[in-house]
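> To start, I am sharing the structure in question, which I have written as structure tokens.
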Amino acid sequence: MKKTLVCLGLATACAISLYAAPKAKALDDTKIGISGDVMKEDVVLPDYKFSEDAPGTSKKFERSFENAPPLIPHSLEGLIPITKDNNMCVTCHMPDVAEAVGATPVPKSHMSDFRDEHQKFLGDNKLAEQRFNCTTCHVPQAKTATLKKNNFDADFRQKDGKNKSNLLDVLNDGASLAE
């Protein structure tokens with residue numbers, strides 16, 4: 001009985017102190033992150049220009065971070081929409097033709113099926129069916145002014161990481177895969 005009264009007294013004291021404590025001022029959602037500047041109604045987006053260069057003639061941008069999907073350095077005119085049955089990207093980017101035409105080859109990670117617990121490599125020139133829509137990850141590169149200052153500095157673990165992916169080699173780094 002004594003324990004119950006002590007617990008009840010402590011619970012009552014806690015409830016009273018929480019109720020009597022000064023209330024924190026609500027944080028305005030425009031003060032969170034970068035949205036304060038971007039969400040203003042009078043913001044004018046900077047001009048941008050997508051590359052109009054034909055495939056194979058444009059300058060590639062370096063990747064923003066390790067294993068980032070490379071940007072598309074050429075015009076997409078006549079290449080989209082991309083469907084499972086009509087994908088113009090693979091005519092130049094499949095590994096068996098990419099080097100001959102000077103294109104970036106589709107990496108081995110795109111030839112692997114990750115949909116279950118086993119990573120199945122399908123073959124050097126067999127695109128995994130869930131990877132057919134290239135523009136889900138790869139977007140056209142554009143020249144534009146920076147909207148917000150960015151201090152991000154990518155740390156590439158391999159010296160050619162700004163231009164090449166090693167995602168399949170490092171996919172499970174730090175992961176504990178129980179058998």
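The way I read the labels, and the way they are meant: chains A, B, ... in the order of the structure tokens, residue 1 as the first residue of every chain, and ligand 1 as the first ligand shown, with later ones counted on from there.
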From a backbone DSSP assignment, name each residue in segment 24-163 of chain A labelled strand (DSSP E), as a ChimeraX atom specification.
/A:48-50,112-113,120-121,142-144
> Measuring atom to atom with only C-alpha atoms, identify which of A:Val106, A:Ala142, A:Met111, A:Ala15 is nearest to Glu52 of chain A.
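Closest to Glu52 of chain A, using only C-alpha atoms: A:Ala142.
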> Can you list, as a list in words, every residue of segment 34-157 of chain A that DSSP puts in alpha helix (DSSP H)?
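For segment 34-157 of chain A, the alpha helix (DSSP H) set is Ser35, Gly36, Asp37, Val38, Val90, Thr91, Cys92, His93, Pro95, Asp96, Val97, Ala98, Glu99, Ala100 and Val101 of chain A.
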> Using only C-alpha atoms, which of A:Ala26, A:Leu5, A:Ile82, A:Asp42 sits nearest Thr135 of chain A?
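Going through A:Ala26, A:Leu5, A:Ile82, A:Asp42 one by one, the smallest distance to Thr135 of chain A is for A:Ile82.
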> Can you measure atom CA of Thr144 of chain A to atom CA of Val44 of chain A for me? One decimal in Å is fine.
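So the answer is 12.9 Å.
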> At a cut-off of 12 Å, using only C-alpha atoms, what residues contact Lys120 of chain A? Leave out same-chain residues fewer than 5 positions from it and give the result as a list in words.
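Skipping anything fewer than 5 positions along the chain leaves Lys108, Ser109, His110, Met111, Ser112, Asp113, Phe114, Arg115, Lys126, Leu127, Ala128 and Leu168 of chain A.
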> Excluding same-chain residues fewer than 3 positions from Leu167 of chain A, what lies within 6 Å of it counting only C-alpha atoms, as a ChimeraX atom specification?
/A:67,170-171
> What is the distance, in Å and to one decimal place, between atom CA of Phe50 of chain A and atom CA of Leu76 of chain A?
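Separation of atom CA of Phe50 of chain A and atom CA of Leu76 of chain A: 9.5 Å.
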